[in-house]
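Accompanying notes for the structure given below.
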2 protein chains.
Amino acid sequence: MSEIITQSIQDYLKHIYELNENGNTASTNDLAARLNIAPASVTGMLQKLASVSPALVVYKKHQGVTLTRAGEKAALEVIRHHRLLELYLVKALGYSWDEVHAEADRLEHFISEDFEARVAEALGHPERDPHGELIPTADLTMPMDESCPLASLRTDETATVKRVSDDDPALLRHLLEIGVLPEVKVIIENYSELDGNLTLHVEGQKSKIVLGTAITKRIFVEK
Amino acid sequence: MSEIITQSIQDYLKHIYELNENGNTASTNDLAARLNIAPASVTGMLQKLASVSPALVVYKKHQGVTLTRAGEKAALEVIRHHRLLELYLVKALGYSWDEVHAEADRLEHFISEDFEARVAEALGHPERDPHGELIPTADLTMPMDESCPLASLRTDETATVKRVSDDDPALLRHLLEIGVLPEVKVIIENYSELDGNLTLHVEGQKSKIVLGTAITKRIFVEK
DNA sequence: AATGTATTTTAGGTTAGACTAAATTATTTG
DNA sequence: CAAATAATTTAGTCTAACCTAAAATACATT
């Protein structure tokens, strides 16, 4: 009875997974905003995903949605595809790190398990994609992520950049320019109570930079 | 007003192109057989493709269908994607020539123009795919094909294999085994009036082989 | 030219996945 | 705690692309 997991369903599951990562359930509205779909349509799909067998999500009216193990597996499969593709596009076809997201977002739904395995092999079974995001393993478990948002650091703290959000090309180009890349060390020179801005020194760069929370919330570091 | 060319439409156009290659118009039934779609559904789609603006096909009731220049361009785009992907899968990811068709058939619809250009570059702008089929150029023209079916040769003729159909993995495995590959020379030892079988000697092989028309019609050679 | 067969078209129906407008339920705030 | 606001759900539509059954047309043969 195992149902067909369409491209559309894969997108729902992927975004539910990401919204669940902070321990929260995903709300209808948040999902709708992420998927660019009307909230009413999302409700319909969530009801369907909950009633399919095996169920892919646990859904209670007005209380948001979480993934079942079956839903999580399907989500991790798509995320694995996405991140392997991103790295492959950079390493094998010379894409820059701000160009890969859109391409991977389409192809992730259509590559075979064979293709996935060959790409993983060609890349030497990598742990992270070009933005530092962890790649789910072949047996569909997500490695532990120890990182926290750069925005949570305070004056005089030191940390290593681990990953950055991959979905905003303009942000990625900016980060490349100012040298904020995975595995680069940063020192917080100042935290502003007023606007949350961080002034920081980036390893290998001459001048200090100031970043607002719109940016620092999307950069993840380990202390 | 240029309409969206969906995956489904791309499939129709690709198969119409292939059916038109021998100079014939494509019949509703032939198309239905190729696409694995009921003839009635094909009629509906052909009417739509003819009435869209710009028209993608020229369609007259009961008289089959041909492509307009716009339809041909769209078809060549898909075929270029397919053949570049096939070659890339073999050269870069170690696929064998009987494994690539299914993967390329899915991905051809979803790669970007950027991806296409990078793959073409990585392959050195190749002329032919792993089965010897000609790859449409970047400006969407199909190179001249001078080949004819092996089935049309007669006793004592000599020829070079140029290409073989890519869509039957079992046939491809068999041809690999008997050494019938692009650029290999063959000599016709005998033609049988009765069943059309050809007995031939393949360059580099010890023993002669006998092939029926189901096979020899799918192998193309130049004399 | 008439008739049988094969091909093609029409008509009506289904499914997935979206939409909008209106109704309902929760949450926040005065 | 009631009213306002925000979030969610229901109900009814729409489109693309398929389906089947029946009708119509074309073609092939006597």
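So you can find residues: chains in the structure tokens are A, B, ... in the order shown, residues in each start at 1, and ligands are numbered from 1 in order.
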>> Applying 7 Å and only C-alpha atoms (C1' of nucleotides), which residues near stretch 7-12 of chain A remain after dropping the ones on its own chain fewer than 3 positions away? List them as a PyMOL selection string.
In response: chain A and resi 15-16+75+78+109
>> Residues of chain A within 9 Å of chain C, counting only C-alpha atoms (C1' of nucleotides) - could you list those as a ChimeraX atom specification?
In response: /A:8,37-38,40-41,45,62
Write the residues of the selection above to a file with all heavy atoms, as a CSV table (one decimal), in the first residue's frame.
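Heads up, here's the output in out_13.csv:
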```csv
chain,number,residue,atom,x,y,z
A,8,SER,N,5.8,17.1,-5.4
A,8,SER,CA,5.1,18.0,-4.5
A,8,SER,C,5.2,17.5,-3.0
A,8,SER,O,5.5,18.3,-2.1
A,8,SER,CB,3.7,18.2,-4.9
A,8,SER,OG,3.0,19.0,-4.1
A,37,ILE,N,2.6,28.5,-1.4
A,37,ILE,CA,1.3,27.9,-1.7
A,37,ILE,C,0.3,28.5,-0.7
A,37,ILE,O,0.7,28.8,0.4
A,37,ILE,CB,1.5,26.3,-1.5
A,37,ILE,CG1,2.3,25.7,-2.7
A,37,ILE,CG2,0.1,25.7,-1.4
A,37,ILE,CD1,2.6,24.3,-2.5
A,38,ALA,N,-0.9,28.6,-1.1
A,38,ALA,CA,-1.9,29.2,-0.2
A,38,ALA,C,-2.1,28.3,1.0
A,38,ALA,O,-2.2,27.1,0.9
A,38,ALA,CB,-3.2,29.4,-1.0
A,40,ALA,N,-4.7,27.5,2.6
A,40,ALA,CA,-5.8,26.5,2.5
A,40,ALA,C,-5.4,25.3,1.7
A,40,ALA,O,-5.8,24.1,2.1
A,40,ALA,CB,-6.9,27.2,1.7
A,41,SER,N,-4.5,25.4,0.7
A,41,SER,CA,-4.0,24.3,0.0
A,41,SER,C,-3.1,23.4,0.9
A,41,SER,O,-3.1,22.2,0.8
A,41,SER,CB,-3.2,24.7,-1.2
A,41,SER,OG,-4.0,25.6,-2.0
A,45,MET,N,-3.3,19.3,1.9
A,45,MET,CA,-2.2,18.3,1.7
A,45,MET,C,-1.8,17.7,3.0
A,45,MET,O,-1.5,16.5,3.0
A,45,MET,CB,-1.0,19.0,1.0
A,45,MET,CG,0.2,18.1,0.8
A,45,MET,SD,-0.2,16.7,-0.4
A,45,MET,CE,0.6,17.4,-1.9
A,62,HIS,N,-4.9,22.8,14.0
A,62,HIS,CA,-4.4,24.0,14.7
A,62,HIS,C,-3.2,23.8,15.5
A,62,HIS,O,-2.8,24.7,16.3
A,62,HIS,CB,-5.6,24.5,15.6
A,62,HIS,CG,-6.8,25.0,14.9
A,62,HIS,ND1,-6.9,26.3,14.4
A,62,HIS,CD2,-7.9,24.4,14.5
A,62,HIS,CE1,-8.0,26.4,13.7
A,62,HIS,NE2,-8.7,25.3,13.8
```
> Taking only C-alpha atoms into account, which residues of chain A are within 12 Å of chain B, as a PyMOL selection string?
Replying inline: chain A and resi 88-90+92-95+99-100+102-123
>> Please check the contacts: residues of chain A at most 10 Å away from chain D, using only C-alpha atoms (C1' of nucleotides), listed as number ranges by chain.
In response: A: 27-29, 39-40, 43-44, 61-63
Would you output that residue set with N, CA, C and O atoms, as an mmCIF file, in the first residue's frame?
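What follows is the written file selection-v8.cif:
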```cif
data_model
loop_
_atom_site.group_PDB
_atom_site.id
_atom_site.type_symbol
_atom_site.label_atom_id
_atom_site.label_comp_id
_atom_site.auth_asym_id
_atom_site.auth_seq_id
_atom_site.Cartn_x
_atom_site.Cartn_y
_atom_site.Cartn_z
ATOM 1 N N SER A 27 3.947 25.012 11.463
ATOM 2 C CA SER A 27 2.583 25.521 11.330
ATOM 3 C C SER A 27 2.173 25.577 9.862
ATOM 4 O O SER A 27 3.007 25.672 8.967
ATOM 5 N N THR A 28 0.869 25.508 9.659
ATOM 6 C CA THR A 28 0.317 25.601 8.310
ATOM 7 C C THR A 28 0.828 26.844 7.585
ATOM 8 O O THR A 28 1.248 26.771 6.433
ATOM 9 N N ASN A 29 0.809 27.959 8.292
ATOM 10 C CA ASN A 29 1.207 29.221 7.663
ATOM 11 C C ASN A 29 2.693 29.276 7.307
ATOM 12 O O ASN A 29 3.053 29.748 6.224
ATOM 13 N N PRO A 39 -2.304 28.929 2.181
ATOM 14 C CA PRO A 39 -2.493 28.147 3.409
ATOM 15 C C PRO A 39 -3.602 27.106 3.283
ATOM 16 O O PRO A 39 -3.462 25.985 3.767
ATOM 17 N N ALA A 40 -4.683 27.475 2.610
ATOM 18 C CA ALA A 40 -5.789 26.531 2.470
ATOM 19 C C ALA A 40 -5.352 25.264 1.737
ATOM 20 O O ALA A 40 -5.775 24.148 2.074
ATOM 21 N N THR A 43 -3.331 22.976 4.135
ATOM 22 C CA THR A 43 -4.192 22.179 5.019
ATOM 23 C C THR A 43 -4.632 20.888 4.328
ATOM 24 O O THR A 43 -4.524 19.797 4.890
ATOM 25 N N GLY A 44 -5.108 21.036 3.106
ATOM 26 C CA GLY A 44 -5.572 19.866 2.362
ATOM 27 C C GLY A 44 -4.483 18.814 2.221
ATOM 28 O O GLY A 44 -4.718 17.629 2.455
ATOM 29 N N LYS A 61 -5.249 19.334 13.996
ATOM 30 C CA LYS A 61 -5.835 20.641 13.674
ATOM 31 C C LYS A 61 -5.292 21.750 14.574
ATOM 32 O O LYS A 61 -5.314 21.617 15.796
ATOM 33 N N HIS A 62 -4.885 22.817 13.966
ATOM 34 C CA HIS A 62 -4.450 24.006 14.710
ATOM 35 C C HIS A 62 -3.192 23.799 15.539
ATOM 36 O O HIS A 62 -2.795 24.683 16.273
ATOM 37 N N GLN A 63 -2.589 22.627 15.443
ATOM 38 C CA GLN A 63 -1.411 22.382 16.282
ATOM 39 C C GLN A 63 -0.173 22.030 15.487
ATOM 40 O O GLN A 63 0.792 21.496 16.024
#
```
>> Which of chain B end up as helix (DSSP H, G or I) when DSSP is run on this backbone - answer as a PyMOL selection string?
In response: chain B and resi 7-20+28-35+39-51+69-93+100-107+113-122+150-152+169-177+213-216
C-alpha atoms of the current selection, written as an mmCIF file, in the first residue's frame:
```cif
data_model
loop_
_atom_site.group_PDB
_atom_site.id
_atom_site.type_symbol
_atom_site.label_atom_id
_atom_site.label_comp_id
_atom_site.auth_asym_id
_atom_site.auth_seq_id
_atom_site.Cartn_x
_atom_site.Cartn_y
_atom_site.Cartn_z
ATOM 1 C CA GLN B 7 7.506 17.621 -19.431
ATOM 2 C CA SER B 8 4.609 15.857 -21.096
ATOM 3 C CA ILE B 9 4.694 18.189 -24.102
ATOM 4 C CA GLN B 10 8.455 17.718 -24.379
ATOM 5 C CA ASP B 11 7.879 13.974 -24.605
ATOM 6 C CA TYR B 12 5.316 14.379 -27.355
ATOM 7 C CA LEU B 13 7.593 16.677 -29.362
ATOM 8 C CA LYS B 14 10.605 14.410 -28.970
ATOM 9 C CA HIS B 15 8.714 11.386 -30.238
ATOM 10 C CA ILE B 16 7.098 13.293 -33.081
ATOM 11 C CA TYR B 17 10.590 14.417 -34.119
ATOM 12 C CA GLU B 18 11.837 10.841 -34.139
ATOM 13 C CA LEU B 19 8.847 9.554 -36.084
ATOM 14 C CA ASN B 20 9.294 12.365 -38.618
ATOM 15 C CA THR B 28 -1.828 9.244 -33.729
ATOM 16 C CA ASN B 29 -1.484 5.513 -33.168
ATOM 17 C CA ASP B 30 2.289 5.353 -33.573
ATOM 18 C CA LEU B 31 2.663 8.201 -31.123
ATOM 19 C CA ALA B 32 0.292 6.557 -28.663
ATOM 20 C CA ALA B 33 2.294 3.322 -28.840
ATOM 21 C CA ARG B 34 5.585 5.135 -28.254
ATOM 22 C CA LEU B 35 4.311 7.265 -25.411
ATOM 23 C CA PRO B 39 -4.800 7.114 -28.741
ATOM 24 C CA ALA B 40 -7.773 9.200 -27.663
ATOM 25 C CA SER B 41 -5.564 11.132 -25.258
ATOM 26 C CA VAL B 42 -2.994 11.725 -27.975
ATOM 27 C CA THR B 43 -5.616 13.280 -30.249
ATOM 28 C CA GLY B 44 -6.504 15.745 -27.513
ATOM 29 C CA MET B 45 -2.916 16.741 -26.933
ATOM 30 C CA LEU B 46 -2.177 17.137 -30.656
ATOM 31 C CA GLN B 47 -5.140 19.474 -31.025
ATOM 32 C CA LYS B 48 -3.809 21.503 -28.160
ATOM 33 C CA LEU B 49 -0.241 21.629 -29.516
ATOM 34 C CA ALA B 50 -1.566 22.818 -32.861
ATOM 35 C CA SER B 51 -3.716 25.574 -31.396
ATOM 36 C CA ARG B 69 10.031 25.205 -36.462
ATOM 37 C CA ALA B 70 9.082 26.167 -32.894
ATOM 38 C CA GLY B 71 8.159 22.570 -32.113
ATOM 39 C CA GLU B 72 11.334 21.301 -33.727
ATOM 40 C CA LYS B 73 13.453 23.641 -31.647
ATOM 41 C CA ALA B 74 11.832 22.441 -28.461
ATOM 42 C CA ALA B 75 12.326 18.829 -29.553
ATOM 43 C CA LEU B 76 15.990 19.368 -30.421
ATOM 44 C CA GLU B 77 16.552 21.007 -27.059
ATOM 45 C CA VAL B 78 15.269 17.909 -25.271
ATOM 46 C CA ILE B 79 17.187 15.549 -27.538
ATOM 47 C CA ARG B 80 20.357 17.572 -26.976
ATOM 48 C CA HIS B 81 19.832 17.289 -23.235
ATOM 49 C CA HIS B 82 19.217 13.556 -23.490
ATOM 50 C CA ARG B 83 22.288 12.779 -25.541
ATOM 51 C CA LEU B 84 24.647 15.047 -23.629
ATOM 52 C CA LEU B 85 23.440 13.467 -20.394
ATOM 53 C CA GLU B 86 23.984 9.963 -21.751
ATOM 54 C CA LEU B 87 27.552 10.719 -22.695
ATOM 55 C CA TYR B 88 28.228 12.506 -19.425
ATOM 56 C CA LEU B 89 26.880 9.616 -17.362
ATOM 57 C CA VAL B 90 29.207 7.234 -19.181
ATOM 58 C CA LYS B 91 32.295 9.426 -19.170
ATOM 59 C CA ALA B 92 32.039 11.095 -15.768
ATOM 60 C CA LEU B 93 30.057 8.680 -13.600
ATOM 61 C CA VAL B 100 22.071 5.527 -19.346
ATOM 62 C CA HIS B 101 18.814 5.738 -21.257
ATOM 63 C CA ALA B 102 16.357 5.617 -18.365
ATOM 64 C CA GLU B 103 18.311 8.137 -16.288
ATOM 65 C CA ALA B 104 18.695 10.564 -19.197
ATOM 66 C CA ASP B 105 15.031 10.181 -20.081
ATOM 67 C CA ARG B 106 14.051 11.610 -16.711
ATOM 68 C CA LEU B 107 16.738 14.260 -16.260
ATOM 69 C CA GLU B 113 20.616 25.777 -19.928
ATOM 70 C CA ASP B 114 23.539 26.539 -17.666
ATOM 71 C CA PHE B 115 23.883 22.871 -16.723
ATOM 72 C CA GLU B 116 23.664 21.890 -20.378
ATOM 73 C CA ALA B 117 26.420 24.340 -21.305
ATOM 74 C CA ARG B 118 28.725 23.171 -18.516
ATOM 75 C CA VAL B 119 28.274 19.512 -19.420
ATOM 76 C CA ALA B 120 28.892 20.227 -23.100
ATOM 77 C CA GLU B 121 32.046 22.117 -22.138
ATOM 78 C CA ALA B 122 33.253 19.325 -19.819
ATOM 79 C CA LEU B 150 22.389 -2.402 -41.456
ATOM 80 C CA ALA B 151 19.319 -4.326 -42.645
ATOM 81 C CA SER B 152 19.577 -2.617 -46.041
ATOM 82 C CA PRO B 169 19.239 -2.314 -22.601
ATOM 83 C CA ALA B 170 19.114 -6.032 -23.445
ATOM 84 C CA LEU B 171 19.986 -5.322 -27.078
ATOM 85 C CA LEU B 172 22.793 -3.008 -26.024
ATOM 86 C CA ARG B 173 24.301 -5.644 -23.740
ATOM 87 C CA HIS B 174 24.146 -8.153 -26.564
ATOM 88 C CA LEU B 175 25.800 -5.809 -29.039
ATOM 89 C CA LEU B 176 28.589 -5.102 -26.560
ATOM 90 C CA GLU B 177 29.146 -8.839 -26.197
ATOM 91 C CA THR B 213 16.002 -7.894 -38.873
ATOM 92 C CA ALA B 214 14.689 -7.036 -35.395
ATOM 93 C CA ILE B 215 18.323 -6.224 -34.657
ATOM 94 C CA THR B 216 19.701 -5.105 -38.028
#
```
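Atom CA of B:Ala26 is found 20.7 Å from atom CA of B:Met144.
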> So how many Å separate atom CA of A:Glu127 and atom CA of A:Ile219, to one decimal?
Replying inline: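 Straight-line distance from atom CA of A:Glu127 to atom CA of A:Ile219 works out to 18.1 Å.
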